[in-house]
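Here is the structure we will look at, set down as structure tokens.
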Amino acid sequence: MEAADLERALRPVLGDRLLGVEPFEGTAGRVRFRREGAVDLFRTARDTLLFGHLTMVGGIDWVDHREVVYVLWSDTARQYAILSADVPADDAHIETASAVWPSANWHEREAWELVDISFDHHPDLRHLLTPDGYVFHPLLRSFKLHEPEELEVKSRHV
Amino acid sequence: MSSATLYSVSYALAALILNVIGFIIPPIRAPITNVDVVTVLAVLIFGALLLAASMLNTILLIWWERKLLGRFMDRRGAMHVGFAGLLQNFADGFKLFRKNTFQPAEADTLGFYSGPTAYMVTSMILFGILPISSGWNSGSLPLSLLLALAIFSFAPLFIFVSAWSSNNKYSLMGGMRSAAQMIAYEVPILLAVVSVVILSGSFSLTTIVYEQQNYWFWGPLVVALIVFVAAMLAEMERIPFDLPEAEAELVEGWNTEYGGMLFAFFMLADYLRALVGSILVVLLFLGGWTLPTWVPSAATSFPLAGILWFMLKTYLVFGLFVWVRASLPRVRTDQLLRVGWNRMIPLALLSVFLAAALVTVRCVPVFGCVPSAGA
Amino acid sequence: MSEMWINMGPQHPMTHGLWNLRVKIDGEMVLDVDPEMGYLHRGIEKISEDRHYNEVITLMDRCCYVAGFAWEHLYILAAEQALHIRPPERAEYLRVMSDEFQRIGSHLMWYAAFVQDLGLMSPFLYGMRDRDLVLDLFQAYTGARLTYEYMRVGGVRNDVPPGFTDRARKVLDWLDDRYREYDALCMGSTIFRERCDDLGILKANDCVAHGVTGPMLRAAGVRRDLRKDRPYAVYKQIDFDVAQADAADVTARYLVRMEEMRQSNRILRQVLDWLDHHPGPMMADNLPRWLGAPYAPIGNEGYLLKRSYPKGTGFSAVEEPHGEACAYVVNEGALHPYRVKFRSPVFSNISAARQYLVGYHVADIPPIMGSVDVCVGEVDR
């Protein structure tokens, strides 16, 4: 599967919500899309393009926006594909992928707490790696490593 | 075999001590060398000797297990304290002894302390009942076997008391498992013993041993032996039946909350019970302190020969338990209970019938004839 | 007993690390589970943003403390793609050798821990004993037994010492015999089969839906191994089979891992033969000098430095002993990576815990979690 194949399959479904598919070494391609097209893209990717595995979800904090990166794997094509959507930093949210791939659940919890990207309709958006009540988002660029912060953390179960 | 019994030795010792005291302080000589006083002191000395012997053997047993287990696991076991690590357990015991005794904040104090104590004490009483050799007359009670098994079956009660009073969910689960398991395996043990009783015609352990002069009972009663050993493993809570303290899921089960000397009580009592279990196997099935008649009499006539042979057999039997522990995984509660009720009890019943048939037929082709007392 | 929640962890023999499995039980039955992670979160991804490319390797060893090489390899592949560097062939062979020895070491560690969960005490020590031989080999060519810092962006640090390959072959011969012994101790034991058969079943479609990979997925009958499906390094030149079983239970996972160790032996013999006959350089030529820059600017200012080196994004995936690990490295033309994201296989495997734990006994939790092969270091990162 090539980037052009992905584009051909996705363009009719997504229309202008698909920003483009660029080649990416070692994968089928990198699909850039608007977050409004998330649900349609996920369903098409799983059901039509047969990307059965959601391998990971990660967030990147750029200077002016945030990017959500999804990595998919197809057992039939034996290839990875990368999906990426830009979300504005002051309104960082996107539809959850966990309705399509249950494996997205924990990855999205992690992205939510570390990169501060909210996932709409997520079944269980709790802290995963950081304690409950932790107000920082460590993987944002604004979180500096060398300035200690004090924080009172409550136990999850009393 | 020596003719002096342990009690006569204690009595002589008591008389000697009191006479020496009387010799030093003449005015009290007459009252303290009274027969009653000497008897009381003799009983105390007797108890102290028994206690020392049982503790020493228990600690030696732990050493034996550690060395044997070490060899099974391709390592050496305890090596550094004393010769070949013989004193390692004393060092460990001393360490536990020095530790602070504490209890969880929400624990029930009475149960928390009385549980391990009672467990320890009942296990020690057991040791007083069992005959070790012909001179060890503490076992010559007419119903000593029944008494030993009765005391042996106290354990689940005390385990459950200490588990419940620790106020810990793991302890509670361990206590429940322990109670269920011990009760389930009480029955096959008793049934296996019944076949021995049928064959020997006596509840006295000493008599049972003497009944094995012609042949040891393991031959005709091999089914009962297998049932007895397996059920004993469950009673002793050793692998593969150590689920009440399965460290993988229950973090030591019913003794999770115990530390220091209270833990040492559990540990010691466990090994005391393991020792008693091995001793019972030797007494009931392996001829106790006797040797087969074809063994030259030189092997049995020197002083303390009976005790020597008895301990040898006991440690070999315990070695078998260690071997099992080194090579088998743990079973699950439901599997354990299923095996107990569905396999052990029918097998034990079968061996009861076998024993009854043997007594009726009187003579066994290979092993010789059952003595008349068995009828 | 009524229903209650118990905490299996964070300090519990079952966890093999530092995490908490909350279990809702009714008597001996498991009604619900809720894994809680994060007790070992060290912020490796964040710290990586503050380090030179080669300095991140140190963190990778700590990522999974029983499979350091696999994680080094994972990161190196992504970083090389992001930096447009190609390693020499001998370095790739050495990486594969390290990977496969690491797989054996990790699986032996798993074996030891897994049988210990079942109460088998001797094989625990056998597994640890034999793992030590593998660690001795690591020590012989990296100087370290656990945290190797051996691979470099653009190659590996050093060659193996003289006589190493013969020594390694001896270890492989020894291990071949031991695998038979392990099988006799486990598959030959009725109690082991009673405990493990039909336990912790996770069928193939559930595995795929929940992102479960590695031996768990292969035990469910899916023939998926990145070394075959998406060959990285030199796996294309090497002849081996993908271990697979169909029962999807604990026994199947046991069989798959055992077979993987045998296959690793097979791979290693080929790699060692190749190493004997093909001397060559350890590092790529023309590496950018700043890869080994002696100083590290404090704070995150590093990424603002403008250099004339091309930007790039690297993505790599390797078949780690626990499953499929991925790395995503963003190079914005700075001394440090802009963003590093890792995908840990155990992370996903644990996230499906509810699927394979509910409905079994409390006593089944340790063997099932043992068959998952938890390494908390890479889950929490």
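The chains in the structure tokens are called A, B, ... from first to last as shown; in each chain the residues are counted from 1, and the ligands are counted from 1 in the order shown.
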Hey, which bits of chain C sit within 6 Å of chain A, and for each residue what's the closest pair of atoms and how far apart in Å (one decimal), counting only C-alpha atoms, rows by chain and increasing number, as a tab-separated table?
residue	atom	partner	partner_atom	distance
C:Met37	CA	A:Leu129	CA	5.7
C:Gly38	CA	A:Leu129	CA	3.7
C:Lys46	CA	A:Leu139	CA	5.9
C:Val208	CA	A:His53	CA	5.8
C:Ala209	CA	A:Trp101	CA	5.7
C:His210	CA	A:Ser103	CA	4.1
C:Gly211	CA	A:Ser103	CA	5.0
C:Asp229	CA	A:Arg78	CA	6.0
Please write the residues from the selection above to a file, keeping C-alpha atoms, as a PDB file, in the first residue's frame.
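part_0.pdb was written with the following content:
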ATOM      1  CA  MET C  37      -0.197   2.098  36.575  1.00  0.00           C
ATOM      2  CA  GLY C  38       2.151   4.978  37.097  1.00  0.00           C
ATOM      3  CA  LYS C  46      10.228  14.141  28.789  1.00  0.00           C
ATOM      4  CA  VAL C 208      -6.392  -7.365  17.924  1.00  0.00           C
ATOM      5  CA  ALA C 209      -9.125  -5.086  19.252  1.00  0.00           C
ATOM      6  CA  HIS C 210      -7.263  -4.429  22.491  1.00  0.00           C
ATOM      7  CA  GLY C 211      -3.876  -3.997  20.895  1.00  0.00           C
ATOM      8  CA  ASP C 229       6.380  -8.994   8.591  1.00  0.00           C
TER       9      ASP C 229
END
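With the cut-off set to 7 Å and only C-alpha atoms counted, chain B residues close to chain C are Phe72, Met73, Glu247, Ala248, Glu249, Val251, Ala326, Ser327, Leu328, Pro329, Arg330, Val331 and Arg332 of chain B.
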Could the residues in this selection be saved with N, CA and C atoms as a PDB file, in the first residue's frame?
ATOM      1  N   PHE B  72      18.415 -29.528  45.298  1.00  0.00           N
ATOM      2  CA  PHE B  72      17.455 -29.700  44.199  1.00  0.00           C
ATOM      3  C   PHE B  72      17.498 -28.507  43.261  1.00  0.00           C
ATOM      4  N   MET B  73      17.809 -27.340  43.813  1.00  0.00           N
ATOM      5  CA  MET B  73      17.794 -26.132  43.001  1.00  0.00           C
ATOM      6  C   MET B  73      19.168 -25.790  42.460  1.00  0.00           C
ATOM      7  N   GLU B 247       2.198 -17.662  48.290  1.00  0.00           N
ATOM      8  CA  GLU B 247       2.787 -16.329  48.306  1.00  0.00           C
ATOM      9  C   GLU B 247       2.542 -15.589  47.001  1.00  0.00           C
ATOM     10  N   ALA B 248       2.197 -16.318  45.931  1.00  0.00           N
ATOM     11  CA  ALA B 248       2.013 -15.617  44.668  1.00  0.00           C
ATOM     12  C   ALA B 248       0.771 -14.752  44.687  1.00  0.00           C
ATOM     13  N   GLU B 249      -0.341 -15.262  45.261  1.00  0.00           N
ATOM     14  CA  GLU B 249      -1.534 -14.417  45.235  1.00  0.00           C
ATOM     15  C   GLU B 249      -1.915 -13.893  46.616  1.00  0.00           C
ATOM     16  N   VAL B 251       0.177 -13.499  49.370  1.00  0.00           N
ATOM     17  CA  VAL B 251       1.256 -12.884  50.158  1.00  0.00           C
ATOM     18  C   VAL B 251       1.379 -13.559  51.522  1.00  0.00           C
ATOM     19  N   ALA B 326      10.124 -29.449  45.840  1.00  0.00           N
ATOM     20  CA  ALA B 326      11.061 -28.884  44.872  1.00  0.00           C
ATOM     21  C   ALA B 326      10.610 -29.112  43.444  1.00  0.00           C
ATOM     22  N   SER B 327       9.668 -30.034  43.224  1.00  0.00           N
ATOM     23  CA  SER B 327       9.396 -30.372  41.829  1.00  0.00           C
ATOM     24  C   SER B 327       7.948 -30.193  41.398  1.00  0.00           C
ATOM     25  N   LEU B 328       7.062 -29.782  42.283  1.00  0.00           N
ATOM     26  CA  LEU B 328       5.662 -29.688  41.862  1.00  0.00           C
ATOM     27  C   LEU B 328       5.153 -28.254  42.005  1.00  0.00           C
ATOM     28  N   PRO B 329       4.294 -27.834  41.066  1.00  0.00           N
ATOM     29  CA  PRO B 329       3.625 -26.545  41.250  1.00  0.00           C
ATOM     30  C   PRO B 329       2.430 -26.680  42.202  1.00  0.00           C
ATOM     31  N   ARG B 330       1.883 -25.550  42.537  1.00  0.00           N
ATOM     32  CA  ARG B 330       0.791 -25.494  43.497  1.00  0.00           C
ATOM     33  C   ARG B 330      -0.540 -25.756  42.790  1.00  0.00           C
ATOM     34  N   VAL B 331      -1.455 -26.457  43.441  1.00  0.00           N
ATOM     35  CA  VAL B 331      -2.775 -26.671  42.838  1.00  0.00           C
ATOM     36  C   VAL B 331      -3.695 -25.531  43.257  1.00  0.00           C
ATOM     37  N   ARG B 332      -4.886 -25.525  42.690  1.00  0.00           N
ATOM     38  CA  ARG B 332      -5.839 -24.462  42.987  1.00  0.00           C
ATOM     39  C   ARG B 332      -6.838 -24.973  44.021  1.00  0.00           C
TER      40      ARG B 332
END
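Of note, atom CA of Tyr271 of chain B and atom CA of Met344 of chain B are spaced 23.9 Å apart.
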- Note on the structure: note - atom CA of Leu275 of chain B and atom CA of Phe318 of chain B are separated by 7.4 Å
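The residues of segment 64-168 of chain C that DSSP assigns to strand (DSSP E or B) on this backbone come out as Met151, Arg152, Gly155 and Val156 of chain C.
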Those same residues, written as an mmCIF file, in the first residue's frame with C-alpha atoms?
data_model
loop_
_atom_site.group_PDB
_atom_site.id
_atom_site.type_symbol
_atom_site.label_atom_id
_atom_site.label_comp_id
_atom_site.auth_asym_id
_atom_site.auth_seq_id
_atom_site.Cartn_x
_atom_site.Cartn_y
_atom_site.Cartn_z
ATOM 1 C CA MET C 151 24.247 0.786 20.583
ATOM 2 C CA ARG C 152 24.922 4.184 19.116
ATOM 3 C CA GLY C 155 26.412 1.859 14.737
ATOM 4 C CA VAL C 156 27.490 0.155 17.922
#
- Task: Find the spatial neighbours of segment 6-22 of chain A, counting only C-alpha atoms, within a cut-off of 6 Å - ignore same-chain residues fewer than 5 positions away - and output them as a list in words.
- Result: Gly29, Arg30, Val31, Arg32, Phe33, Arg34 and Gly37 of chain A
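Atom CA of Val281 of chain B lies 8.0 Å from atom CA of Thr314 of chain B.
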Residues at most 9 Å from Leu172 of chain C, counting only C-alpha atoms, excluding those fewer than 6 positions away in the same chain, as a short mmCIF file (atom, residue, chain, number, x, y, z; two decimals) with N, CA and C atoms, in the first residue's frame?
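Output (around.cif):
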data_model
loop_
_atom_site.label_atom_id
_atom_site.label_comp_id
_atom_site.auth_asym_id
_atom_site.auth_seq_id
_atom_site.Cartn_x
_atom_site.Cartn_y
_atom_site.Cartn_z
N ASN C 265 17.89 -19.21 19.45
CA ASN C 265 19.12 -19.97 19.35
C ASN C 265 19.51 -20.16 17.89
N LEU C 268 20.73 -16.99 16.43
CA LEU C 268 22.04 -16.61 16.96
C LEU C 268 23.15 -17.42 16.32
N ARG C 269 22.91 -18.69 16.06
CA ARG C 269 23.96 -19.48 15.41
C ARG C 269 24.31 -18.90 14.04
#
- Message: Quick one: residues within 6 Å of segment 349-361 of chain B, only C-alpha atoms, excluding same-chain residues fewer than 2 positions away - as a PyMOL selection string?
- Response: chain B and resi 195+199+223-224+346-347+363
- Query: Counting only C-alpha atoms, what is within 9 Å of segment 47-61 of chain B, bar same-chain residues fewer than 4 positions away, as a VMD selection string?
  - Reply: chain B and resid 6 10 42 to 43 65 to 66 86 89 to 90 124 127 to 128 268 to 269 271 to 272 274 to 275 315 318
- Backbone DSSP call of alpha helix (DSSP H) for segment 39-85 of chain C, listed as a PyMOL selection string: chain C and resi 44-48+56-63+68-83
Please write the residues from the selection above to a file, keeping N, CA and C atoms, as a compact mmCIF listing (two decimals), in the first residue's frame.
# COMPACT_ATOMS: atom_id res chain seq x y z
N ILE C 44 10.46 9.31 31.05
CA ILE C 44 11.58 9.09 30.12
C ILE C 44 11.39 9.90 28.85
N GLU C 45 10.15 9.99 28.38
CA GLU C 45 9.91 10.74 27.15
C GLU C 45 10.24 12.22 27.35
N LYS C 46 9.94 12.73 28.52
CA LYS C 46 10.23 14.14 28.79
C LYS C 46 11.73 14.36 28.93
N ILE C 47 12.37 13.48 29.66
CA ILE C 47 13.81 13.66 29.86
C ILE C 47 14.54 13.57 28.53
N SER C 48 14.02 12.73 27.62
CA SER C 48 14.68 12.56 26.33
C SER C 48 14.72 13.87 25.56
N VAL C 56 20.13 9.62 25.02
CA VAL C 56 18.83 8.99 25.28
C VAL C 56 19.00 7.48 25.46
N ILE C 57 20.05 6.93 24.84
CA ILE C 57 20.25 5.48 24.90
C ILE C 57 20.32 5.00 26.34
N THR C 58 20.94 5.81 27.20
CA THR C 58 21.02 5.46 28.61
C THR C 58 19.64 5.24 29.20
N LEU C 59 18.69 6.09 28.80
CA LEU C 59 17.33 5.95 29.33
C LEU C 59 16.66 4.69 28.81
N MET C 60 16.99 4.34 27.57
CA MET C 60 16.34 3.19 26.97
C MET C 60 16.63 1.91 27.74
N ASP C 61 17.87 1.81 28.28
CA ASP C 61 18.19 0.63 29.07
C ASP C 61 17.30 0.53 30.29
N ARG C 62 16.94 1.69 30.81
CA ARG C 62 16.09 1.70 32.01
C ARG C 62 14.62 1.54 31.67
N CYS C 63 14.29 1.64 30.40
CA CYS C 63 12.90 1.57 30.00
C CYS C 63 12.33 0.20 30.36
N GLY C 68 16.77 -4.41 27.84
CA GLY C 68 17.40 -3.15 27.50
C GLY C 68 17.80 -3.06 26.04
N PHE C 69 18.36 -4.14 25.50
CA PHE C 69 18.85 -4.09 24.13
C PHE C 69 17.72 -3.85 23.14
N ALA C 70 16.58 -4.50 23.38
CA ALA C 70 15.47 -4.33 22.45
C ALA C 70 15.05 -2.87 22.39
N TRP C 71 15.06 -2.21 23.54
CA TRP C 71 14.64 -0.81 23.55
C TRP C 71 15.71 0.09 22.97
N GLU C 72 16.96 -0.23 23.22
CA GLU C 72 18.03 0.53 22.57
C GLU C 72 17.86 0.45 21.06
N HIS C 73 17.64 -0.76 20.59
CA HIS C 73 17.52 -0.97 19.15
C HIS C 73 16.34 -0.18 18.59
N LEU C 74 15.24 -0.23 19.32
CA LEU C 74 14.04 0.48 18.90
C LEU C 74 14.32 1.96 18.73
N TYR C 75 14.92 2.53 19.74
CA TYR C 75 15.16 3.97 19.69
C TYR C 75 16.18 4.32 18.61
N ILE C 76 17.22 3.50 18.51
CA ILE C 76 18.27 3.77 17.53
C ILE C 76 17.69 3.77 16.11
N LEU C 77 16.82 2.81 15.84
CA LEU C 77 16.24 2.74 14.50
C LEU C 77 15.46 4.01 14.19
N ALA C 78 14.65 4.45 15.14
CA ALA C 78 13.86 5.66 14.90
C ALA C 78 14.75 6.89 14.78
N ALA C 79 15.76 6.95 15.66
CA ALA C 79 16.63 8.13 15.62
C ALA C 79 17.41 8.17 14.32
N GLU C 80 17.85 7.00 13.85
CA GLU C 80 18.61 6.99 12.60
C GLU C 80 17.74 7.42 11.43
N GLN C 81 16.47 7.01 11.48
CA GLN C 81 15.58 7.44 10.41
C GLN C 81 15.35 8.95 10.48
N ALA C 82 15.20 9.46 11.70
CA ALA C 82 14.97 10.89 11.84
C ALA C 82 16.19 11.69 11.42
N LEU C 83 17.38 11.13 11.64
CA LEU C 83 18.61 11.85 11.33
C LEU C 83 19.22 11.46 9.99
- Task: Name the residues in contact with Val256 of chain C at a cut-off of 7 Å, using only C-alpha atoms, excluding same-chain residues fewer than 5 positions from it; report them as a ChimeraX atom specification.
- Result: /C:215,219,243-245
Please produce an output containing C-alpha atoms for each residue in the selection, written as a compact mmCIF listing (two decimals), in the first residue's frame.
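Wrote it out as part-v7.txt, contents follow:
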# COMPACT_ATOMS: atom_id res chain seq x y z
CA PRO C 215 3.62 -13.96 22.38
CA ALA C 219 -0.53 -17.87 21.19
CA ALA C 243 6.45 -19.50 16.99
CA GLN C 244 2.72 -19.98 17.12
CA ALA C 245 0.04 -21.78 19.08
- Item | Pick from B:Met176, B:Val20, B:Leu320, B:Leu191 nearest to Glu245 of chain B, counting only C-alpha atoms | B:Met176
